[in-house]
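One file, start.cif, is given below (mmCIF, C-alpha atoms).
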data_coords
#
loop_
_atom_site.label_atom_id
_atom_site.label_comp_id
_atom_site.auth_asym_id
_atom_site.auth_seq_id
_atom_site.Cartn_x
_atom_site.Cartn_y
_atom_site.Cartn_z
CA MET F 1 0.00 0.00 0.00
CA ARG F 2 2.77 2.39 0.97
CA ARG F 3 4.58 1.44 -2.17
CA LEU F 4 1.49 2.23 -4.25
CA ALA F 5 1.10 5.62 -2.57
CA LEU F 6 4.78 6.32 -3.19
CA SER F 7 4.59 5.45 -6.87
CA ILE F 8 1.44 7.54 -7.30
CA SER F 9 3.02 10.58 -5.70
CA LEU F 10 6.15 10.08 -7.82
CA LEU F 11 3.99 9.94 -10.94
CA LEU F 12 2.17 13.12 -9.90
CA ALA F 13 5.50 14.85 -9.36
CA LEU F 14 6.49 13.92 -12.90
CA ALA F 15 3.23 15.34 -14.21
CA ALA F 16 4.23 18.93 -13.37
CA PRO F 17 2.99 21.22 -16.16
CA ALA F 18 5.38 21.46 -19.08
CA LEU F 19 6.63 25.01 -19.51
CA ALA F 20 6.19 26.65 -22.87
CA VAL F 21 8.94 29.15 -22.09
CA ASN F 22 12.27 27.78 -23.26
CA PRO F 23 15.33 28.37 -21.10
CA ASP F 24 17.11 30.16 -23.96
CA GLU F 25 14.32 32.76 -24.14
CA MET F 26 14.67 33.76 -20.50
CA LEU F 27 16.23 37.00 -19.38
CA LYS F 28 19.27 36.85 -17.15
CA ASP F 29 17.85 39.27 -14.61
CA PRO F 30 15.32 37.26 -12.53
CA ALA F 31 13.28 40.38 -11.71
CA GLN F 32 12.95 41.27 -15.39
CA GLU F 33 12.16 37.66 -16.26
CA GLN F 34 9.43 37.70 -13.62
CA ARG F 35 7.95 40.86 -15.20
CA ALA F 36 8.11 39.21 -18.62
CA ARG F 37 6.26 36.18 -17.26
CA GLU F 38 3.54 38.34 -15.73
CA ILE F 39 3.09 40.33 -18.95
CA SER F 40 3.05 37.16 -21.05
CA LYS F 41 0.23 35.77 -18.92
CA GLU F 42 -1.91 38.78 -19.85
CA LEU F 43 -1.40 38.36 -23.59
CA ARG F 44 -3.55 36.04 -25.62
CA CYS F 45 -1.94 33.69 -28.08
CA LEU F 46 -3.55 34.53 -31.43
CA VAL F 47 -3.11 31.06 -32.87
CA CYS F 48 -4.61 29.02 -30.02
CA GLN F 49 -6.92 31.64 -28.75
CA ASN F 50 -7.72 30.46 -25.26
CA GLN F 51 -4.13 30.25 -24.09
CA SER F 52 -1.82 33.02 -23.01
CA ILE F 53 1.46 33.37 -24.85
CA ASP F 54 3.11 32.23 -21.64
CA ASP F 55 1.33 28.86 -21.95
CA SER F 56 1.44 28.38 -25.68
CA ASP F 57 3.92 26.46 -27.78
CA ALA F 58 2.81 28.14 -31.01
CA PRO F 59 5.67 29.78 -32.95
CA LEU F 60 3.90 33.15 -32.97
CA ALA F 61 3.52 32.98 -29.18
CA ARG F 62 7.26 32.31 -28.91
CA ASP F 63 8.00 35.32 -31.14
CA LEU F 64 5.80 37.51 -28.98
CA ARG F 65 7.45 36.25 -25.78
CA VAL F 66 10.82 37.15 -27.25
CA ILE F 67 9.50 40.60 -28.19
CA VAL F 68 8.13 41.14 -24.66
CA ARG F 69 11.59 40.33 -23.27
CA GLU F 70 13.31 42.57 -25.80
CA ARG F 71 11.10 45.50 -24.88
CA ILE F 72 11.77 44.92 -21.18
CA SER F 73 15.52 44.78 -21.78
CA ALA F 74 15.22 48.00 -23.76
CA GLY F 75 13.79 49.64 -20.63
CA ASP F 76 10.07 49.73 -21.46
CA SER F 77 7.53 49.84 -18.63
CA ASP F 78 4.93 47.07 -18.38
CA ASP F 79 2.30 49.34 -19.95
CA GLN F 80 4.62 50.26 -22.81
CA VAL F 81 5.22 46.58 -23.54
CA LEU F 82 1.48 45.85 -23.58
CA GLY F 83 0.98 48.95 -25.74
CA PHE F 84 3.54 47.69 -28.23
CA VAL F 85 1.52 44.51 -28.73
CA THR F 86 -1.96 46.10 -28.69
CA ASP F 87 -0.82 48.67 -31.30
CA ARG F 88 -0.39 45.73 -33.66
CA TYR F 89 -3.03 43.25 -32.58
CA GLY F 90 -5.65 45.40 -30.83
CA ASP F 91 -7.30 45.00 -27.43
CA TYR F 92 -8.20 41.49 -28.48
CA VAL F 93 -4.80 40.20 -27.35
CA LEU F 94 -5.41 41.33 -23.79
CA LEU F 95 -6.88 38.48 -21.76
CA LYS F 96 -8.14 41.15 -19.35
CA PRO F 97 -9.91 43.65 -21.58
CA PRO F 98 -9.60 47.35 -20.68
CA PHE F 99 -12.59 49.33 -19.44
CA LYS F 100 -13.56 51.73 -22.22
CA ALA F 101 -16.42 52.71 -24.52
CA THR F 102 -16.11 49.74 -26.89
CA THR F 103 -15.98 47.22 -24.03
CA LEU F 104 -18.74 48.82 -21.96
CA VAL F 105 -21.30 46.11 -22.76
CA LEU F 106 -18.76 43.47 -21.76
CA TRP F 107 -18.21 45.00 -18.33
CA ILE F 108 -21.66 46.43 -17.55
CA GLY F 109 -23.79 43.74 -19.27
CA PRO F 110 -23.63 41.04 -16.59
CA VAL F 111 -24.40 43.56 -13.82
CA LEU F 112 -27.41 44.87 -15.77
CA ILE F 113 -28.70 41.34 -16.38
CA LEU F 114 -28.28 40.50 -12.70
CA LEU F 115 -30.15 43.66 -11.64
CA ALA F 116 -32.96 42.97 -14.12
CA ALA F 117 -33.29 39.40 -12.84
CA ALA F 118 -33.33 40.59 -9.22
CA GLY F 119 -36.00 43.16 -10.11
CA ALA F 120 -38.14 40.54 -11.83
CA ALA F 121 -37.81 38.14 -8.90
CA LEU F 122 -38.74 40.90 -6.44
CA ALA F 123 -41.83 41.86 -8.44
CA PHE F 124 -42.86 38.21 -8.68
CA TYR F 125 -42.68 37.52 -4.94
CA ARG F 126 -44.30 40.81 -4.00
CA ARG F 127 -47.28 39.95 -6.19
CA ARG F 128 -47.58 36.50 -4.66
CA ARG F 129 -47.43 37.74 -1.08
CA SER F 130 -50.21 40.31 -1.41
CA GLU F 131 -53.43 38.80 0.07
CA PRO F 132 -56.18 37.84 -2.31
CA GLU F 133 -59.24 40.16 -1.98
CA ALA F 134 -61.76 39.14 0.71
CA PRO F 135 -64.85 37.53 -0.86
CA ALA F 136 -68.03 39.60 -0.94
CA PRO F 137 -70.22 39.10 2.17
CA LEU F 138 -73.19 36.76 1.87
CA THR F 139 -76.48 38.20 0.75
CA GLU F 140 -79.63 37.83 2.89
CA GLU F 141 -80.92 35.06 0.61
CA GLU F 142 -77.65 33.09 0.99
CA LYS F 143 -77.68 33.51 4.77
CA ARG F 144 -81.14 32.05 4.93
CA ARG F 145 -80.16 29.03 2.83
CA LEU F 146 -77.09 28.48 4.92
CA GLN F 147 -79.18 28.45 8.08
CA THR F 148 -81.58 25.82 6.61
CA LEU F 149 -78.69 23.67 5.50
CA LEU F 150 -77.11 23.84 8.95
CA GLY F 151 -80.43 22.79 10.36
CA GLY F 152 -80.96 25.90 12.44
CA ASP F 153 -84.46 27.22 13.00
CA ALA F 154 -84.98 29.87 10.37
CA MET P 155 -51.71 38.75 -16.58
CA LYS P 156 -49.72 41.44 -18.31
CA PHE P 157 -46.47 39.55 -17.64
CA ARG P 158 -47.69 36.48 -19.46
CA TYR P 159 -45.58 37.02 -22.57
CA VAL P 160 -42.37 37.97 -20.77
CA PRO P 161 -40.82 34.46 -20.94
CA LEU P 162 -41.71 34.20 -24.61
CA VAL P 163 -40.11 37.57 -25.39
CA LEU P 164 -36.98 36.65 -23.41
CA PHE P 165 -36.78 33.33 -25.22
CA ALA P 166 -37.09 35.09 -28.58
CA LEU P 167 -34.28 37.48 -27.59
CA VAL P 168 -32.02 34.57 -26.65
CA VAL P 169 -32.81 32.84 -29.96
CA VAL P 170 -31.83 35.99 -31.87
CA LEU P 171 -28.61 36.34 -29.85
CA PHE P 172 -27.64 32.73 -30.51
CA ALA P 173 -28.60 32.94 -34.18
CA VAL P 174 -26.24 35.88 -34.63
CA GLY P 175 -23.52 34.66 -32.28
CA LEU P 176 -23.28 31.12 -33.56
CA THR P 177 -22.93 32.18 -37.18
CA MET P 178 -20.01 34.49 -36.43
CA ASP P 179 -16.52 33.08 -36.74
CA PRO P 180 -14.68 33.42 -33.42
CA ARG P 181 -11.38 33.10 -35.25
CA THR P 182 -11.68 36.32 -37.17
CA ILE P 183 -9.93 38.82 -35.00
CA PRO P 184 -10.71 42.49 -35.55
CA SER P 185 -7.63 44.13 -37.02
CA ALA P 186 -6.10 46.98 -35.09
CA MET P 187 -4.16 48.18 -38.12
CA ILE P 188 -6.99 49.24 -40.45
CA ASP P 189 -6.66 52.90 -41.50
CA LYS P 190 -3.25 53.13 -39.88
CA PRO P 191 -0.04 53.68 -41.82
CA ALA P 192 1.81 50.52 -42.74
CA PRO P 193 4.54 49.90 -40.16
CA ALA P 194 8.15 50.83 -40.72
CA PHE P 195 9.98 47.79 -42.01
CA SER P 196 12.71 46.91 -44.44
CA LEU P 197 13.21 43.41 -45.78
CA PRO P 198 16.02 42.01 -47.91
CA PRO P 199 15.16 40.53 -51.30
CA LEU P 200 14.28 36.85 -51.66
CA LYS P 201 15.48 36.67 -55.25
CA PRO P 202 18.75 38.25 -56.30
CA GLU P 203 17.16 39.78 -59.41
CA LYS P 204 14.06 41.15 -57.70
CA PRO P 205 14.11 44.01 -55.13
CA GLY P 206 13.22 43.50 -51.46
CA LEU P 207 10.43 45.35 -49.71
CA ALA P 208 10.37 48.33 -47.36
CA GLN P 209 7.79 50.76 -46.04
CA ALA P 210 8.82 53.39 -48.62
CA ASP P 211 7.96 51.00 -51.49
CA LEU P 212 4.30 51.04 -50.48
CA ALA P 213 3.79 54.77 -51.01
CA GLY P 214 2.61 56.30 -54.28
CA LYS P 215 0.27 53.59 -55.53
CA VAL P 216 -2.38 51.17 -54.34
CA THR P 217 -0.59 47.96 -53.41
CA LEU P 218 -1.60 44.50 -52.31
CA VAL P 219 0.82 43.04 -49.77
CA ASN P 220 0.60 39.26 -49.55
CA PHE P 221 2.27 37.31 -46.73
CA PHE P 222 3.06 33.80 -47.92
CA ALA P 223 5.23 30.78 -47.24
CA SER P 224 6.01 27.66 -49.21
CA TRP P 225 5.08 25.50 -46.19
CA CYS P 226 1.62 27.04 -45.96
CA VAL P 227 -1.15 25.00 -47.56
CA PRO P 228 -3.79 27.76 -47.93
CA CYS P 229 -1.10 29.93 -49.61
CA ARG P 230 -0.87 27.24 -52.26
CA ALA P 231 -4.65 27.45 -52.70
CA GLU P 232 -4.75 31.22 -53.17
CA HIS P 233 -1.68 31.39 -55.38
CA PRO P 234 -3.48 30.94 -58.76
CA LEU P 235 -5.73 33.88 -57.84
CA LEU P 236 -2.70 36.10 -57.34
CA MET P 237 -1.29 34.93 -60.67
CA ASP P 238 -4.60 35.87 -62.32
CA LEU P 239 -4.66 39.23 -60.61
CA GLN P 240 -1.14 39.97 -61.75
CA LYS P 241 -2.06 39.18 -65.38
CA GLN P 242 -4.97 41.62 -65.17
CA ASP P 243 -2.47 44.27 -64.06
CA ARG P 244 -5.02 46.19 -61.99
CA LEU P 245 -2.92 46.86 -58.93
CA ALA P 246 0.62 46.36 -57.70
CA ILE P 247 1.20 43.06 -55.89
CA VAL P 248 4.14 42.57 -53.56
CA GLY P 249 5.01 39.60 -51.41
CA VAL P 250 6.48 38.95 -48.00
CA ASN P 251 7.97 35.50 -47.64
CA TYR P 252 7.21 34.58 -44.03
CA LYS P 253 9.58 32.35 -42.02
CA ASP P 254 10.56 30.25 -44.99
CA LYS P 255 13.69 28.57 -46.28
CA PRO P 256 14.80 30.68 -49.25
CA GLU P 257 15.49 27.62 -51.39
CA ASP P 258 12.00 26.24 -50.67
CA ALA P 259 10.38 29.59 -51.44
CA LEU P 260 12.33 29.96 -54.69
CA ALA P 261 11.42 26.44 -55.83
CA TRP P 262 7.78 27.12 -54.92
CA LEU P 263 7.68 30.31 -57.02
CA GLN P 264 9.53 28.55 -59.83
CA ARG P 265 6.88 25.86 -59.94
CA LEU P 266 3.75 27.95 -59.42
CA GLY P 267 4.77 31.27 -60.94
CA ASP P 268 5.78 34.54 -59.32
CA PRO P 269 3.02 37.17 -59.19
CA TYR P 270 5.00 39.62 -57.05
CA GLY P 271 6.64 42.86 -58.17
CA ARG P 272 8.83 42.83 -55.08
CA ILE P 273 9.48 40.14 -52.50
CA GLY P 274 10.80 40.77 -49.01
CA LYS P 275 12.31 37.95 -46.99
CA ASP P 276 10.92 38.00 -43.45
CA ALA P 277 13.05 35.23 -41.98
CA ASP P 278 12.22 35.87 -38.30
CA GLY P 279 8.63 37.06 -38.82
CA ARG P 280 9.25 40.47 -37.26
CA ALA P 281 7.81 42.52 -40.13
CA ALA P 282 4.75 40.25 -40.00
CA ILE P 283 4.28 41.00 -36.30
CA ASP P 284 4.57 44.73 -37.05
CA PHE P 285 1.72 44.29 -39.53
CA GLY P 286 -0.35 42.36 -36.99
CA VAL P 287 -0.15 39.08 -38.92
CA TYR P 288 -1.11 36.04 -36.89
CA GLY P 289 -0.89 33.36 -39.51
CA VAL P 290 -0.10 33.12 -43.21
CA PRO P 291 -1.62 33.76 -45.63
CA GLU P 292 -2.71 37.29 -44.86
CA THR P 293 -3.16 40.04 -47.41
CA TYR P 294 -3.24 43.80 -46.92
CA LEU P 295 -4.53 46.47 -49.25
CA ILE P 296 -2.45 49.64 -48.89
CA ASP P 297 -3.54 52.97 -50.32
CA ALA P 298 -1.30 55.41 -52.18
CA LYS P 299 -0.49 57.24 -48.94
CA GLY P 300 0.83 54.02 -47.44
CA SER P 301 -2.11 53.35 -45.07
CA ILE P 302 -3.60 49.90 -44.53
CA ARG P 303 -7.20 49.93 -45.75
CA PHE P 304 -8.23 46.28 -45.79
CA LYS P 305 -6.94 43.02 -44.41
CA GLN P 306 -7.81 39.52 -45.51
CA VAL P 307 -7.05 36.86 -42.92
CA GLY P 308 -6.56 33.47 -44.52
CA PRO P 309 -6.49 32.80 -48.24
CA LEU P 310 -7.96 35.19 -50.77
CA THR P 311 -11.03 33.88 -52.54
CA PRO P 312 -12.44 34.87 -55.95
CA GLU P 313 -15.36 36.42 -54.08
CA VAL P 314 -13.17 38.56 -51.82
CA ILE P 315 -11.11 39.72 -54.80
CA GLU P 316 -14.14 40.59 -56.94
CA LYS P 317 -16.37 42.07 -54.27
CA THR P 318 -13.88 43.75 -51.96
CA VAL P 319 -10.29 44.00 -53.13
CA LEU P 320 -10.81 45.23 -56.69
CA PRO P 321 -13.66 47.70 -55.96
CA MET P 322 -11.71 49.13 -53.00
CA ALA P 323 -8.52 49.36 -55.04
CA ALA P 324 -10.39 51.17 -57.85
CA GLU P 325 -11.93 53.54 -55.32
CA LEU P 326 -8.56 54.24 -53.68
CA ALA P 327 -6.82 54.80 -57.02
CA LYS P 328 -9.09 57.76 -57.85
#
Exercise: express the given structure as structure tokens:
Amino acid sequence: MRRLALSISLLLALAAPALAVNPDEMLKDPAQEQRAREISKELRCLVCQNQSIDDSDAPLARDLRVIVRERISAGDSDDQVLGFVTDRYGDYVLLKPPFKATTLVLWIGPVLILLAAAGAALAFYRRRRSEPEAPAPLTEEEKRRLQTLLGGDA
Amino acid sequence: MKFRYVPLVLFALVVVLFAVGLTMDPRTIPSAMIDKPAPAFSLPPLKPEKPGLAQADLAGKVTLVNFFASWCVPCRAEHPLLMDLQKQDRLAIVGVNYKDKPEDALAWLQRLGDPYGRIGKDADGRAAIDFGVYGVPETYLIDAKGSIRFKQVGPLTPEVIEKTVLPMAAELAK
């Protein structure tokens, strides 16, 4: 049993995620390399669209990683590096889209839908809770009939 | 009972949203470069007898810039269209050979014909990145002032050439 557990944990250790970033791409300065990694995680790979360029093995992603590192080495700030890429590929490459006029629906939409749903739910329950109207009182004729049915002396 | 039709209306809205959304291609990425000047670049020639390509070569006339590679299958598919277009002589066509082995590219052009007036060799794909290319083939229509006016992602088709490229080029040439 212990042996099985050991082999399983060894296997899991081997299954560590493969890194897309090749050692020869990395910057020598660990702080700069860390910045490059963080920036790369924000940039979408255009070939395999649901990965960041930090995760992707696509050649274009590699080229963009190299460019990110070049810009950092050249002394660009993080925003300048992101700007360099968005100038060419648009906001689409940002995995976290910026808040501006063209992305307003994206950011505000879910909140609006939530508010509308909450409003609808509120209206629904309020209508259900309100008491139904009291029935009209019995007429004289009905009272008499009721008395006979109940066997009282009319 | 005035809320009776609300679910039906909501359902209809969702149907419309899906009908539009599901017929759109999520792979077409809006280009950030439309109506912007072509980037500064300068590429060495692929063929010794034909000039390379630089930003300055795009000014002065309406030009079609085609990014291609011999290893790219859709480029092979669109190539006859470019040959046709070149024979019609309606606009200047230049090529950028993207991340290719020169000998492969030369053999490819030898076999299929060479529609390009100039060919730049983009060995590391940097000029392509400056244009916002994310996969060959891509084709850009550049006006006489050197601004990008249209971008075709993926291979050109007869329809795109007839309905978009040629009318736009005629309009821009005025």
Using all atoms listed in the file, determine which residues of chain F fall within 6 Å of chain P; present them as a ChimeraX atom specification. /F:88-90
Matched chain/residue IDs from the PyMOL selection byres ((chain F and resi 26-43) around 6), as a ChimeraX atom specification: /F:23-25,44,52-54,69,93-95
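A straight line drawn from CA of Ile302 (chain P) to CA of Ala194 (chain P) is 12.4 Å long.
Atom pair CA of Arg272 (chain P) / CA of Val314 (chain P) has a distance of 22.6 Å (rounded to one decimal).
Every polymer residue reaching to within 12 Å of (4.4, 28.4, -61.6), counting all atoms listed in the file, appears in this list: Arg230, His233, Pro234, Leu236, Met237, Asp238, Ala259, Leu260, Ala261, Trp262, Leu263, Gln264, Arg265, Leu266, Gly267, Asp268 and Pro269 of chain P.
The residues returned by the PyMOL selection byres ((chain P and resi 290) around 7) on the shown structure are Phe221, Phe222, Cys226, Gly289, Pro291, Glu292 and Gly308 of chain P.
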Residues picked by the PyMOL selection byres ((chain P and resi 209) around 6) here, as number ranges by chain? P: 194-195, 208, 210-212
Excluding Ala277 (chain P) and residues on its chain fewer than 2 positions from it, collect all residues at most 9 Å away from it, counting only C-alpha atoms, and give them as a list in words. Asn251, Tyr252, Lys253, Asp254, Lys255, Pro256, Lys275, Gly279 and Arg280 of chain P
Please measure the separation of CA of Pro137 (chain F) and CA of Gly151 (chain F), giving the value in Å to one decimal. 20.9 Å
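The closest residue to Leu295 (chain P), picked from P:Ile315, P:Val248, P:Leu162, P:Val216 and counting all atoms listed in the file, is P:Val216.
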